[in-house]
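Input: a single structure, listed below in C-alpha cells.
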Amino acid sequence: MFVLSRPHGTVRGRGAVRGFTDVDAASAALRSGEIDALTGAIPFDLADPAALVVPEVLHIDDAPLAGGPPLLRTPVSTTLHPTADEHRERVAHAVKRIVAGDVGKVVLARSVDIVLDAEVAPTELLDALAGGNAGHNAFGVDLGAATGSGSWLLGASPEVLLRKSGSVVTCHPYAGSAPRSPDPVVDRAIADGLLSSAKDLAEHAFVVDHLRDRLSHLCDDVDAPSTPQLQSTGEVWHLATPIRATLRDPATTALDLALLLGPTPAVCGTPSDVAAQIIREVEGERGFYAGAVGWCDGAGDGEWMVTIRCLELEADRRSLRTWAGGGIVEHSDPQGELEETAFKLRTVLNALGIDGLDQPRND
Ligand SMILES: C=C(O[C@H]1C=CC=C(C(=O)O)[C@@H]1O)C(=O)O
C-alpha cells in the first residue's frame with residue numbers, strides 16, 4: 001500500500017503488480033510505456049535498493065487525509081546515534097572542513113532507535129502524522145511490497161522535491177529552520193529572526209542554486225524568487241522558495257526529475273558528491289531517510305516529497321528508527337545544530353505521543 005496525503009489531495013496505490021528495487025529499471029519501464037504507474041520510495045544513496053511498485057490501482061482524490069489524534073505510546077528503549085557530544089563534535093569538524101574549502105555545505109543527521117511499549121498499526125500512525133500539521137501532509141509506504149522487508153516508511157514531510165503536471169514542474173525547497181513557540185508573540189519573533197538570519201539565508205541559497213542549475217538541464221523559464229518565504233509545520237519554521245519551470249520535453253517523467261534533482265543540498269550538500277562522501281564516512285548508510293517518496297502516472301505526471309520528518313517501522317510494529325538532520329554552513333553553531341535536530345524529531349515523536357526521549361535535555 002502507498003498513501004501520500006497533501007493539502008490538494010490524496011494519492012493511494014493499492015496492490016502490487018510488480019516491484020522494482022532498481023531505480024533505473026523502473027525509470028526505463030515508465031518511459032517505454034511498459035508500466036503505467038509507479039509509487040514508493042527512493043533511497044538517499046541511489047546505489048541502495050529502492051522500494052517502488054506498480055500498483056494494481058492508483059486512486060487520486062482531491063482531499064487530504066482527515067488526520068487523527070496523536071497515539072499514546074511510551075518508549076521502552078531509546079538509542080541515539082550519535083550522542084549529543086558526538087553530534088556537536090561532528091558539526092564542529094564539518095565547519096572546519098567548510099572553512100578549509102573542502103565543501104560549501106553538508107547536512108548532518110542523527111537517528112533514534114525506539115522500541116515502543118505496544119504495537120502501532122501503520123495506518124493509525126499515518127493518520128496521526130496527517131493530524132499533526134495544518135496541511136495534513138503525510139505519507140505511508142509499505143516497503144515490503146518491493147523489498148520483502150515487512151517495514152513501513154511513514155512521515156509528514158513538508159518539503160516538495162518536485163511536482164510535475166504536463167510540461168510544468170514546481171519545486172518547493174525548504175532549508176533554514178527555527179523552533180515554533182506556543183506563545184504567538186515569541187513565535188512571530190522567532191519567524192522574523194529566521195527570515196533575517198544570514199546563516200540560514202546562506203544555507204537556503206545552496207538549495208535554490210542547486211535546483212536552478214539542475215532544472216536548467218531539462219527546462220526553460222526556471223523561475224525562482226531571489227528571497228525565500230516563511231513556511232511552518234506544527235513544530236518548525238522554515239525558509240522556503242517556490243520554483244517553477246517549463247519542461248522542454250513534457251514526456252520527461254516525475255521519477256526522472258526526482259532522480260535528477262535529489263538528493264538536494266537540503267539533505268546532502270554542495271558540492272553534492274563531496275557532501276555525500278562526508279555523510280557516508282560520518283553517518284554510514286541512511287537508507288530511505290533523505291531520499292524521496294512519491295508517485296508517477298503513465299503520462300509521467302506525479303509528485304515526490306523529500307523523505308524527512310519520517311520513520312521506518314519494522315515488521316514487529318514496535319521497533320522504529322527516526323531521523324533528523326540540519327544543514328551545516330560556515331557559521332553553524334554545534335549546540336544550535338544539536339537543538340535543531342531535537343525540535344525536528346518532535347514531528348514523529350508528537351504523532352506517537354512521546355513527550356521526551358528520557359535522556360538529558362540536549363540529547
Ligand atoms: C534534513 C532535514 O531538514 C531539511 C529540510 C528543511 C530544513 C533543513 C535545515 O534547516 O537544515 C534541512 O535542510 C530534516 O528534517 O531531517
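Starting from 1 in every chain, residues are counted up; chains themselves are A, B, ... following the order of the C-alpha cells, and ligands are numbered from 1 as listed.
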
I want to know what sits within 12 Å of Asp333 (chain A), based on only C-alpha atoms, with residues of the same chain fewer than 5 positions away left out; could you give that as an mmCIF file with C-alpha atoms, in the first residue's frame?
data_model
loop_
_atom_site.group_PDB
_atom_site.id
_atom_site.type_symbol
_atom_site.label_atom_id
_atom_site.label_comp_id
_atom_site.auth_asym_id
_atom_site.auth_seq_id
_atom_site.Cartn_x
_atom_site.Cartn_y
_atom_site.Cartn_z
ATOM 1 C CA HIS A 87 26.951 15.295 17.155
ATOM 2 C CA ARG A 88 28.393 18.609 18.377
ATOM 3 C CA GLU A 89 31.876 17.297 17.509
ATOM 4 C CA ARG A 90 30.738 16.223 14.051
ATOM 5 C CA VAL A 91 29.272 19.685 13.407
ATOM 6 C CA ALA A 92 32.459 21.414 14.613
ATOM 7 C CA HIS A 93 34.521 19.169 12.349
ATOM 8 C CA ALA A 94 32.231 19.848 9.366
ATOM 9 C CA VAL A 95 32.593 23.608 9.949
ATOM 10 C CA LYS A 96 36.404 23.173 9.855
ATOM 11 C CA LYS A 199 23.423 31.938 8.279
ATOM 12 C CA ASP A 200 20.010 30.477 7.377
ATOM 13 C CA GLY A 326 20.370 20.029 9.632
ATOM 14 C CA GLY A 327 22.402 21.912 7.081
ATOM 15 C CA ILE A 328 25.894 22.849 8.262
ATOM 16 C CA LEU A 338 22.047 19.783 18.086
ATOM 17 C CA GLU A 339 18.921 21.625 19.265
ATOM 18 C CA GLU A 340 17.669 21.796 15.678
#

Please return as a compact mmCIF listing (two decimals) with N, CA and C atoms, in the first residue's frame the residues found within 9 Å of ligand 1, counting only C-alpha atoms and all ligand atoms.
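Below is the file part.txt, written as the result:
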# COMPACT_ATOMS: atom_id res chain seq x y z
N VAL A 107 24.86 18.37 5.12
CA VAL A 107 23.75 18.13 6.05
C VAL A 107 24.08 16.92 6.91
N LEU A 108 24.14 17.13 8.22
CA LEU A 108 24.44 16.03 9.14
C LEU A 108 23.19 15.65 9.92
N ALA A 109 22.94 14.36 10.01
CA ALA A 109 21.70 13.90 10.65
C ALA A 109 22.00 12.98 11.84
N ARG A 110 21.01 12.88 12.71
CA ARG A 110 21.05 11.92 13.82
C ARG A 110 19.88 10.96 13.65
N SER A 157 6.47 14.87 5.77
CA SER A 157 7.42 15.82 5.19
C SER A 157 6.67 17.03 4.64
N PRO A 158 7.18 18.23 4.94
CA PRO A 158 6.56 19.42 4.35
C PRO A 158 7.18 19.77 3.00
N GLU A 159 8.28 19.08 2.63
CA GLU A 159 9.11 19.57 1.53
C GLU A 159 8.86 18.83 0.21
N PRO A 173 11.63 23.90 -2.21
CA PRO A 173 12.68 23.52 -1.26
C PRO A 173 12.57 24.25 0.07
N TYR A 174 12.89 23.51 1.14
CA TYR A 174 12.93 24.05 2.50
C TYR A 174 14.38 23.92 2.99
N ALA A 175 14.92 24.99 3.57
CA ALA A 175 16.22 24.89 4.25
C ALA A 175 16.38 26.16 5.07
N GLY A 176 16.83 26.00 6.31
CA GLY A 176 16.88 27.10 7.26
C GLY A 176 15.70 26.89 8.20
N SER A 177 16.00 26.73 9.49
CA SER A 177 14.95 26.30 10.43
C SER A 177 15.05 27.00 11.77
N ALA A 178 13.90 27.12 12.43
CA ALA A 178 13.85 27.62 13.80
C ALA A 178 12.64 26.96 14.49
N ASP A 200 21.08 31.29 7.96
CA ASP A 200 20.01 30.48 7.38
C ASP A 200 19.75 30.83 5.92
N GLU A 203 22.38 29.09 3.99
CA GLU A 203 22.07 27.65 3.97
C GLU A 203 20.97 27.36 2.94
N HIS A 204 20.02 28.26 2.87
CA HIS A 204 18.90 28.10 1.92
C HIS A 204 19.36 28.26 0.47
N VAL A 207 20.47 25.40 -1.75
CA VAL A 207 19.44 24.50 -2.29
C VAL A 207 18.81 25.09 -3.54
N VAL A 236 8.12 23.45 13.45
CA VAL A 236 9.31 24.13 12.91
C VAL A 236 8.93 25.25 11.94
N TRP A 237 9.66 26.38 12.04
CA TRP A 237 9.62 27.41 10.99
C TRP A 237 10.70 27.08 9.97
N HIS A 238 10.40 27.35 8.70
CA HIS A 238 11.39 27.11 7.65
C HIS A 238 11.46 28.28 6.69
N LEU A 239 12.61 28.40 6.05
CA LEU A 239 12.71 29.24 4.85
C LEU A 239 12.39 28.35 3.66
N ALA A 240 11.58 28.86 2.74
CA ALA A 240 11.15 28.06 1.58
C ALA A 240 11.05 28.94 0.34
N THR A 264 18.95 16.90 -2.83
CA THR A 264 19.35 18.31 -2.94
C THR A 264 20.22 18.70 -1.73
N PRO A 265 20.80 19.88 -1.75
CA PRO A 265 21.56 20.33 -0.57
C PRO A 265 20.69 20.59 0.66
N ALA A 266 19.36 20.38 0.57
CA ALA A 266 18.53 20.42 1.79
C ALA A 266 18.80 19.20 2.66
N VAL A 267 19.28 18.12 2.03
CA VAL A 267 19.54 16.88 2.79
C VAL A 267 20.95 16.33 2.56
N CYS A 268 21.68 16.88 1.57
CA CYS A 268 23.02 16.35 1.25
C CYS A 268 24.05 17.48 1.39
N GLY A 269 24.23 18.29 0.36
CA GLY A 269 25.17 19.40 0.49
C GLY A 269 25.69 19.84 -0.85
N TYR A 289 15.86 7.49 4.55
CA TYR A 289 15.86 8.88 5.05
C TYR A 289 16.62 9.77 4.06
N ALA A 290 16.04 10.93 3.76
CA ALA A 290 16.65 11.94 2.88
C ALA A 290 16.63 11.55 1.40
N VAL A 306 10.52 15.15 -0.28
CA VAL A 306 11.81 14.81 0.32
C VAL A 306 11.51 14.00 1.59
N THR A 307 12.18 12.86 1.75
CA THR A 307 11.85 11.94 2.86
C THR A 307 12.50 12.41 4.16
N ILE A 308 11.85 13.40 4.79
CA ILE A 308 12.28 13.90 6.10
C ILE A 308 11.08 13.85 7.05
N ARG A 309 11.33 14.11 8.34
CA ARG A 309 10.30 14.04 9.40
C ARG A 309 9.60 12.68 9.28
N CYS A 310 10.41 11.64 9.28
CA CYS A 310 9.90 10.31 8.93
C CYS A 310 10.47 9.23 9.84
N TRP A 323 14.73 9.97 12.15
CA TRP A 323 15.93 10.75 11.84
C TRP A 323 15.61 12.25 11.88
N ALA A 324 16.66 13.05 12.08
CA ALA A 324 16.54 14.50 11.86
C ALA A 324 17.93 15.03 11.56
N GLY A 325 18.00 15.91 10.57
CA GLY A 325 19.29 16.48 10.19
C GLY A 325 19.19 17.98 10.04
N GLY A 326 20.33 18.59 9.82
CA GLY A 326 20.37 20.03 9.63
C GLY A 326 21.54 20.40 8.74
N GLY A 327 21.35 21.45 7.99
CA GLY A 327 22.40 21.91 7.08
C GLY A 327 23.50 22.64 7.85
N ILE A 328 24.75 22.20 7.61
CA ILE A 328 25.89 22.85 8.26
C ILE A 328 26.56 23.75 7.24
N GLU A 337 22.89 23.45 16.27
CA GLU A 337 22.57 22.35 15.33
C GLU A 337 22.02 21.14 16.08
N GLU A 340 18.51 21.88 16.89
CA GLU A 340 17.67 21.80 15.68
C GLU A 340 17.23 20.35 15.41
N THR A 341 18.15 19.41 15.61
CA THR A 341 17.74 18.00 15.39
C THR A 341 16.66 17.63 16.41
N LYS A 344 13.27 19.07 15.31
CA LYS A 344 12.76 18.40 14.11
C LYS A 344 12.26 16.98 14.43
N LEU A 345 12.91 16.33 15.40
CA LEU A 345 12.45 14.98 15.79
C LEU A 345 11.04 15.01 16.36

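Taking region 39-102 of chain A and asking which residues DSSP calls strand (DSSP E or B) on the backbone, you get Thr39, Gly40, Ala41, Ile42, Ala51, Leu52, Val53, Val54, Val57, Leu58, His59, Ile60, Asp61, Pro75, Val76, Ser77, Thr78, Thr79, Leu80 and His81 of chain A.
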
Show me, as CSV, the residues of region 203-321 of chain A having an atom within 9 Å of region 26-34 of chain A, each with the closest atom pair and its distance in Å, using only C-alpha atoms.
residue,atom,partner,partner_atom,distance
A:Ala251,CA,A:Arg31,CA,7.9
A:Thr252,CA,A:Arg31,CA,7.8
A:Thr253,CA,A:Arg31,CA,7.2
A:Leu255,CA,A:Ser27,CA,6.6
A:Asp256,CA,A:Ser27,CA,6.5
A:Cys296,CA,A:Leu30,CA,8.7
A:Asp297,CA,A:Leu30,CA,8.5
A:Gly298,CA,A:Leu30,CA,6.9
A:Ala299,CA,A:Leu30,CA,8.9
A:Gly300,CA,A:Leu30,CA,7.6

- May I ask which of the residues A:Asp22, A:Asp301, A:Ala292, A:Leu320 is the closest one to Asp36 (chain A), counting only C-alpha atoms? A:Asp301

- Near Phe139 (chain A), counting only C-alpha atoms, which residues have an atom at most 12 Å away, once you skip same-chain residues fewer than 6 positions from it, shown as a VMD selection string? chain A and resid 1 to 6 10 to 13 39 to 41 64 to 65 67 122 to 131 152 to 159 292 to 295 303 to 312

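CA of Val141 (chain A) is positioned 27.4 Å from CA of Arg244 (chain A).
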
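Candidate residues A:Leu72, A:Ala145, A:Ala254, A:Val222 were compared for distance to Glu119 (chain A), and the nearest is A:Leu72, using only C-alpha atoms.
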
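Across A:Lys105, A:His210, A:Arg321, A:His172, the tightest approach to Leu80 (chain A) is made by A:Arg321 when counting only C-alpha atoms.
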
- Query: Which distance in Å separates CA of Gly101 (chain A) and CA of Ala202 (chain A), to one decimal?
  - Reply: 15.6 Å

- Task: For Ser226 (chain A), list every protein, DNA or RNA residue within 10 Å, evaluated using only C-alpha atoms, and leave out those in the same chain fewer than 2 positions away; present the list as number ranges by chain.
- Result: A: 205, 208, 223-224, 228-229, 241

Taking the DSSP secondary structure from the backbone, can you list the residues of region 128-313 of chain A that are alpha helix (DSSP H), as a JSON list (two decimals) with N, CA, C and O atoms, in the first residue's frame?
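Dumped to out-v3.json:
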[["chain", "number", "residue", "atom", "x", "y", "z"],
["A", 128, "ALA", "N", -2.22, 9.84, 12.45],
["A", 128, "ALA", "CA", -1.69, 10.74, 13.50],
["A", 128, "ALA", "C", -0.70, 11.73, 12.89],
["A", 128, "ALA", "O", -0.69, 12.92, 13.26],
["A", 129, "LEU", "N", 0.12, 11.27, 11.95],
["A", 129, "LEU", "CA", 1.07, 12.18, 11.29],
["A", 129, "LEU", "C", 0.31, 13.25, 10.49],
["A", 129, "LEU", "O", 0.65, 14.43, 10.55],
["A", 130, "ALA", "N", -0.75, 12.84, 9.78],
["A", 130, "ALA", "CA", -1.53, 13.81, 8.98],
["A", 130, "ALA", "C", -2.25, 14.80, 9.88],
["A", 130, "ALA", "O", -2.44, 15.96, 9.50],
["A", 131, "GLY", "N", -2.63, 14.35, 11.08],
["A", 131, "GLY", "CA", -3.34, 15.25, 12.01],
["A", 131, "GLY", "C", -2.41, 16.23, 12.70],
["A", 131, "GLY", "O", -2.87, 17.19, 13.34],
["A", 144, "GLY", "N", 7.65, -3.49, 2.13],
["A", 144, "GLY", "CA", 7.67, -4.92, 1.88],
["A", 144, "GLY", "C", 7.24, -5.30, 0.48],
["A", 144, "GLY", "O", 7.74, -6.28, -0.08],
["A", 145, "ALA", "N", 6.33, -4.50, -0.10],
["A", 145, "ALA", "CA", 5.81, -4.85, -1.42],
["A", 145, "ALA", "C", 6.92, -4.92, -2.46],
["A", 145, "ALA", "O", 6.85, -5.71, -3.40],
["A", 146, "ALA", "N", 7.98, -4.13, -2.29],
["A", 146, "ALA", "CA", 9.09, -4.18, -3.25],
["A", 146, "ALA", "C", 10.29, -4.91, -2.68],
["A", 146, "ALA", "O", 11.01, -5.59, -3.41],
["A", 147, "THR", "N", 10.52, -4.77, -1.37],
["A", 147, "THR", "CA", 11.78, -5.27, -0.81],
["A", 147, "THR", "C", 11.60, -6.55, 0.01],
["A", 147, "THR", "O", 12.59, -7.19, 0.36],
["A", 184, "PRO", "N", 2.30, 33.08, 20.80],
["A", 184, "PRO", "CA", 2.25, 33.67, 19.46],
["A", 184, "PRO", "C", 3.22, 34.83, 19.24],
["A", 184, "PRO", "O", 3.75, 34.99, 18.14],
["A", 185, "VAL", "N", 3.47, 35.62, 20.29],
["A", 185, "VAL", "CA", 4.37, 36.77, 20.13],
["A", 185, "VAL", "C", 5.81, 36.26, 19.95],
["A", 185, "VAL", "O", 6.54, 36.70, 19.04],
["A", 186, "VAL", "N", 6.18, 35.30, 20.79],
["A", 186, "VAL", "CA", 7.53, 34.72, 20.68],
["A", 186, "VAL", "C", 7.66, 34.00, 19.34],
["A", 186, "VAL", "O", 8.68, 34.12, 18.65],
["A", 187, "ASP", "N", 6.60, 33.28, 18.95],
["A", 187, "ASP", "CA", 6.62, 32.52, 17.69],
["A", 187, "ASP", "C", 6.90, 33.45, 16.51],
["A", 187, "ASP", "O", 7.73, 33.15, 15.63],
["A", 188, "ARG", "N", 6.23, 34.60, 16.50],
["A", 188, "ARG", "CA", 6.40, 35.57, 15.40],
["A", 188, "ARG", "C", 7.83, 36.13, 15.41],
["A", 188, "ARG", "O", 8.46, 36.29, 14.36],
["A", 189, "ALA", "N", 8.33, 36.40, 16.62],
["A", 189, "ALA", "CA", 9.69, 36.97, 16.72],
["A", 189, "ALA", "C", 10.72, 35.95, 16.22],
["A", 189, "ALA", "O", 11.68, 36.31, 15.52],
["A", 190, "ILE", "N", 10.49, 34.68, 16.52],
["A", 190, "ILE", "CA", 11.41, 33.63, 16.05],
["A", 190, "ILE", "C", 11.37, 33.58, 14.51],
["A", 190, "ILE", "O", 12.41, 33.51, 13.85],
["A", 191, "ALA", "N", 10.15, 33.65, 13.96],
["A", 191, "ALA", "CA", 10.00, 33.60, 12.49],
["A", 191, "ALA", "C", 10.71, 34.78, 11.84],
["A", 191, "ALA", "O", 11.44, 34.62, 10.85],
["A", 192, "ASP", "N", 10.51, 35.98, 12.40],
["A", 192, "ASP", "CA", 11.16, 37.18, 11.84],
["A", 192, "ASP", "C", 12.69, 37.04, 11.92],
["A", 192, "ASP", "O", 13.41, 37.44, 11.00],
["A", 193, "GLY", "N", 13.16, 36.47, 13.03],
["A", 193, "GLY", "CA", 14.60, 36.27, 13.19],
["A", 193, "GLY", "C", 15.14, 35.33, 12.12],
["A", 193, "GLY", "O", 16.23, 35.55, 11.56],
["A", 194, "LEU", "N", 14.37, 34.29, 11.81],
["A", 194, "LEU", "CA", 14.81, 33.32, 10.78],
["A", 194, "LEU", "C", 14.90, 34.00, 9.42],
["A", 194, "LEU", "O", 15.87, 33.79, 8.68],
["A", 195, "LEU", "N", 13.90, 34.83, 9.13],
["A", 195, "LEU", "CA", 13.85, 35.48, 7.82],
["A", 195, "LEU", "C", 15.03, 36.44, 7.61],
["A", 195, "LEU", "O", 15.39, 36.74, 6.47],
["A", 198, "ALA", "N", 21.44, 35.64, 8.47],
["A", 198, "ALA", "CA", 22.38, 35.49, 7.35],
["A", 198, "ALA", "C", 22.81, 34.04, 7.20],
["A", 198, "ALA", "O", 22.94, 33.52, 6.08],
["A", 199, "LYS", "N", 23.00, 33.35, 8.33],
["A", 199, "LYS", "CA", 23.42, 31.94, 8.28],
["A", 199, "LYS", "C", 22.34, 31.08, 7.61],
["A", 199, "LYS", "O", 22.63, 30.25, 6.73],
["A", 200, "ASP", "N", 21.08, 31.29, 7.96],
["A", 200, "ASP", "CA", 20.01, 30.48, 7.38],
["A", 200, "ASP", "C", 19.75, 30.83, 5.92],
["A", 200, "ASP", "O", 19.44, 29.96, 5.10],
["A", 201, "LEU", "N", 19.89, 32.13, 5.58],
["A", 201, "LEU", "CA", 19.70, 32.54, 4.18],
["A", 201, "LEU", "C", 20.79, 31.90, 3.30],
["A", 201, "LEU", "O", 20.52, 31.45, 2.19],
["A", 202, "ALA", "N", 22.01, 31.83, 3.84],
["A", 202, "ALA", "CA", 23.11, 31.21, 3.08],
["A", 202, "ALA", "C", 22.83, 29.72, 2.91],
["A", 202, "ALA", "O", 22.99, 29.15, 1.81],
["A", 203, "GLU", "N", 22.38, 29.09, 3.99],
["A", 203, "GLU", "CA", 22.07, 27.65, 3.97],
["A", 203, "GLU", "C", 20.97, 27.36, 2.94],
["A", 203, "GLU", "O", 21.02, 26.36, 2.23],
["A", 204, "HIS", "N", 20.02, 28.26, 2.87],
["A", 204, "HIS", "CA", 18.90, 28.10, 1.92],
["A", 204, "HIS", "C", 19.36, 28.26, 0.47],
["A", 204, "HIS", "O", 18.95, 27.51, -0.42],
["A", 205, "ALA", "N", 20.22, 29.26, 0.25],
["A", 205, "ALA", "CA", 20.63, 29.60, -1.13],
["A", 205, "ALA", "C", 21.31, 28.42, -1.82],
["A", 205, "ALA", "O", 21.17, 28.24, -3.04],
["A", 206, "PHE", "N", 22.03, 27.59, -1.05],
["A", 206, "PHE", "CA", 22.68, 26.42, -1.67],
["A", 206, "PHE", "C", 21.64, 25.53, -2.37],
["A", 206, "PHE", "O", 21.90, 24.96, -3.42],
["A", 207, "VAL", "N", 20.47, 25.40, -1.75],
["A", 207, "VAL", "CA", 19.44, 24.50, -2.29],
["A", 207, "VAL", "C", 18.81, 25.09, -3.54],
["A", 207, "VAL", "O", 18.64, 24.41, -4.56],
["A", 208, "VAL", "N", 18.48, 26.38, -3.48],
["A", 208, "VAL", "CA", 17.85, 27.04, -4.64],
["A", 208, "VAL", "C", 18.83, 27.04, -5.83],
["A", 208, "VAL", "O", 18.44, 26.75, -6.97],
["A", 209, "ASP", "N", 20.10, 27.33, -5.55],
["A", 209, "ASP", "CA", 21.10, 27.34, -6.64],
["A", 209, "ASP", "C", 21.20, 25.97, -7.30],
["A", 209, "ASP", "O", 21.28, 25.85, -8.53],
["A", 210, "HIS", "N", 21.21, 24.92, -6.47],
["A", 210, "HIS", "CA", 21.29, 23.54, -6.99],
["A", 210, "HIS", "C", 20.09, 23.25, -7.89],
["A", 210, "HIS", "O", 20.23, 22.73, -9.00],
["A", 211, "LEU", "N", 18.88, 23.58, -7.42],
["A", 211, "LEU", "CA", 17.67, 23.26, -8.19],
["A", 211, "LEU", "C", 17.63, 24.07, -9.48],
["A", 211, "LEU", "O", 17.28, 23.54, -10.55],
["A", 212, "ARG", "N", 18.01, 25.35, -9.39],
["A", 212, "ARG", "CA", 18.03, 26.18, -10.60],
["A", 212, "ARG", "C", 18.96, 25.56, -11.65],
["A", 212, "ARG", "O", 18.61, 25.42, -12.82],
["A", 213, "ASP", "N", 20.14, 25.14, -11.17],
["A", 213, "ASP", "CA", 21.13, 24.56, -12.08],
["A", 213, "ASP", "C", 20.63, 23.24, -12.68],
["A", 213, "ASP", "O", 20.65, 23.05, -13.91],
["A", 214, "ARG", "N", 20.14, 22.32, -11.82],
["A", 214, "ARG", "CA", 19.70, 21.02, -12.34],
["A", 214, "ARG", "C", 18.48, 21.15, -13.26],
["A", 214, "ARG", "O", 18.39, 20.49, -14.28],
["A", 215, "LEU", "N", 17.54, 22.01, -12.88],
["A", 215, "LEU", "CA", 16.34, 22.18, -13.71],
["A", 215, "LEU", "C", 16.70, 22.73, -15.08],
["A", 215, "LEU", "O", 16.08, 22.38, -16.09],
["A", 216, "SER", "N", 17.74, 23.58, -15.13],
["A", 216, "SER", "CA", 18.08, 24.21, -16.41],
["A", 216, "SER", "C", 18.55, 23.19, -17.45],
["A", 216, "SER", "O", 18.53, 23.46, -18.64],
["A", 217, "HIS", "N", 18.96, 21.98, -16.99],
["A", 217, "HIS", "CA", 19.33, 20.93, -17.95],
["A", 217, "HIS", "C", 18.14, 20.49, -18.80],
["A", 217, "HIS", "O", 18.29, 20.09, -19.94],
["A", 218, "LEU", "N", 16.94, 20.51, -18.20],
["A", 218, "LEU", "CA", 15.76, 19.97, -18.89],
["A", 218, "LEU", "C", 14.66, 20.99, -19.13],
["A", 218, "LEU", "O", 13.68, 20.69, -19.80],
["A", 254, "ALA", "N", 8.08, 12.34, -13.80],
["A", 254, "ALA", "CA", 8.32, 12.87, -12.45],
["A", 254, "ALA", "C", 9.40, 12.04, -11.75],
["A", 254, "ALA", "O", 10.19, 12.58, -10.97],
["A", 255, "LEU", "N", 9.47, 10.74, -12.05],
["A", 255, "LEU", "CA", 10.52, 9.91, -11.44],
["A", 255, "LEU", "C", 11.89, 10.35, -11.96],
["A", 255, "LEU", "O", 12.84, 10.48, -11.18],
["A", 256, "ASP", "N", 11.99, 10.59, -13.27],
["A", 256, "ASP", "CA", 13.28, 11.03, -13.82],
["A", 256, "ASP", "C", 13.70, 12.36, -13.19],
["A", 256, "ASP", "O", 14.89, 12.59, -12.91],
["A", 257, "LEU", "N", 12.73, 13.24, -12.97],
["A", 257, "LEU", "CA", 13.05, 14.52, -12.34],
["A", 257, "LEU", "C", 13.52, 14.32, -10.90],
["A", 257, "LEU", "O", 14.47, 14.95, -10.45],
["A", 258, "ALA", "N", 12.86, 13.39, -10.19],
["A", 258, "ALA", "CA", 13.28, 13.11, -8.81],
["A", 258, "ALA", "C", 14.72, 12.61, -8.77],
["A", 258, "ALA", "O", 15.51, 12.99, -7.90],
["A", 259, "LEU", "N", 15.08, 11.79, -9.77],
["A", 259, "LEU", "CA", 16.45, 11.24, -9.82],
["A", 259, "LEU", "C", 17.46, 12.32, -10.21],
["A", 259, "LEU", "O", 18.61, 12.30, -9.78],
["A", 260, "LEU", "N", 17.02, 13.27, -11.03],
["A", 260, "LEU", "CA", 17.91, 14.35, -11.46],
["A", 260, "LEU", "C", 18.13, 15.38, -10.33],
["A", 260, "LEU", "O", 19.24, 15.86, -10.12],
["A", 261, "LEU", "N", 17.05, 15.68, -9.60],
["A", 261, "LEU", "CA", 17.11, 16.79, -8.64],
["A", 261, "LEU", "C", 17.64, 16.38, -7.26],
["A", 261, "LEU", "O", 18.28, 17.16, -6.57],
["A", 272, "SER", "N", 27.57, 18.20, -4.30],
["A", 272, "SER", "CA", 26.81, 17.00, -3.88],
["A", 272, "SER", "C", 27.70, 15.79, -3.63],
["A", 272, "SER", "O", 27.51, 15.08, -2.64],
["A", 273, "ASP", "N", 28.67, 15.56, -4.54],
["A", 273, "ASP", "CA", 29.48, 14.34, -4.40],
["A", 273, "ASP", "C", 30.36, 14.38, -3.15],
["A", 273, "ASP", "O", 30.49, 13.40, -2.43],
["A", 274, "VAL", "N", 30.94, 15.55, -2.87],
["A", 274, "VAL", "CA", 31.81, 15.67, -1.69],
["A", 274, "VAL", "C", 30.97, 15.53, -0.42],
["A", 274, "VAL", "O", 31.33, 14.81, 0.53],
["A", 275, "ALA", "N", 29.82, 16.22, -0.41],
["A", 275, "ALA", "CA", 28.95, 16.16, 0.78],
["A", 275, "ALA", "C", 28.47, 14.72, 1.01],
["A", 275, "ALA", "O", 28.47, 14.24, 2.16],
["A", 276, "ALA", "N", 28.09, 14.02, -0.06],
["A", 276, "ALA", "CA", 27.61, 12.64, 0.09],
["A", 276, "ALA", "C", 28.71, 11.75, 0.65],
["A", 276, "ALA", "O", 28.46, 10.86, 1.48],
["A", 277, "GLN", "N", 29.94, 11.99, 0.22],
["A", 277, "GLN", "CA", 31.08, 11.21, 0.71],
["A", 277, "GLN", "C", 31.30, 11.46, 2.22],
["A", 277, "GLN", "O", 31.50, 10.54, 3.00],
["A", 278, "ILE", "N", 31.20, 12.73, 2.62],
["A", 278, "ILE", "CA", 31.36, 13.07, 4.05],
["A", 278, "ILE", "C", 30.25, 12.39, 4.86],
["A", 278, "ILE", "O", 30.50, 11.79, 5.91],
["A", 279, "ILE", "N", 29.02, 12.45, 4.35],
["A", 279, "ILE", "CA", 27.89, 11.85, 5.06],
["A", 279, "ILE", "C", 28.10, 10.34, 5.22],
["A", 279, "ILE", "O", 27.89, 9.77, 6.29],
["A", 280, "ARG", "N", 28.57, 9.70, 4.15],
["A", 280, "ARG", "CA", 28.82, 8.25, 4.20],
["A", 280, "ARG", "C", 29.88, 7.93, 5.26],
["A", 280, "ARG", "O", 29.72, 7.01, 6.05],
["A", 281, "GLU", "N", 30.95, 8.75, 5.29],
["A", 281, "GLU", "CA", 32.02, 8.49, 6.26],
["A", 281, "GLU", "C", 31.53, 8.72, 7.69],
["A", 281, "GLU", "O", 31.85, 7.95, 8.59],
["A", 282, "VAL", "N", 30.76, 9.79, 7.89],
["A", 282, "VAL", "CA", 30.38, 10.19, 9.24],
["A", 282, "VAL", "C", 29.18, 9.40, 9.76],
["A", 282, "VAL", "O", 29.17, 8.94, 10.90],
["A", 283, "GLU", "N", 28.16, 9.24, 8.93],
["A", 283, "GLU", "CA", 26.90, 8.63, 9.41],
["A", 283, "GLU", "C", 26.74, 7.17, 9.02],
["A", 283, "GLU", "O", 25.94, 6.47, 9.61]]
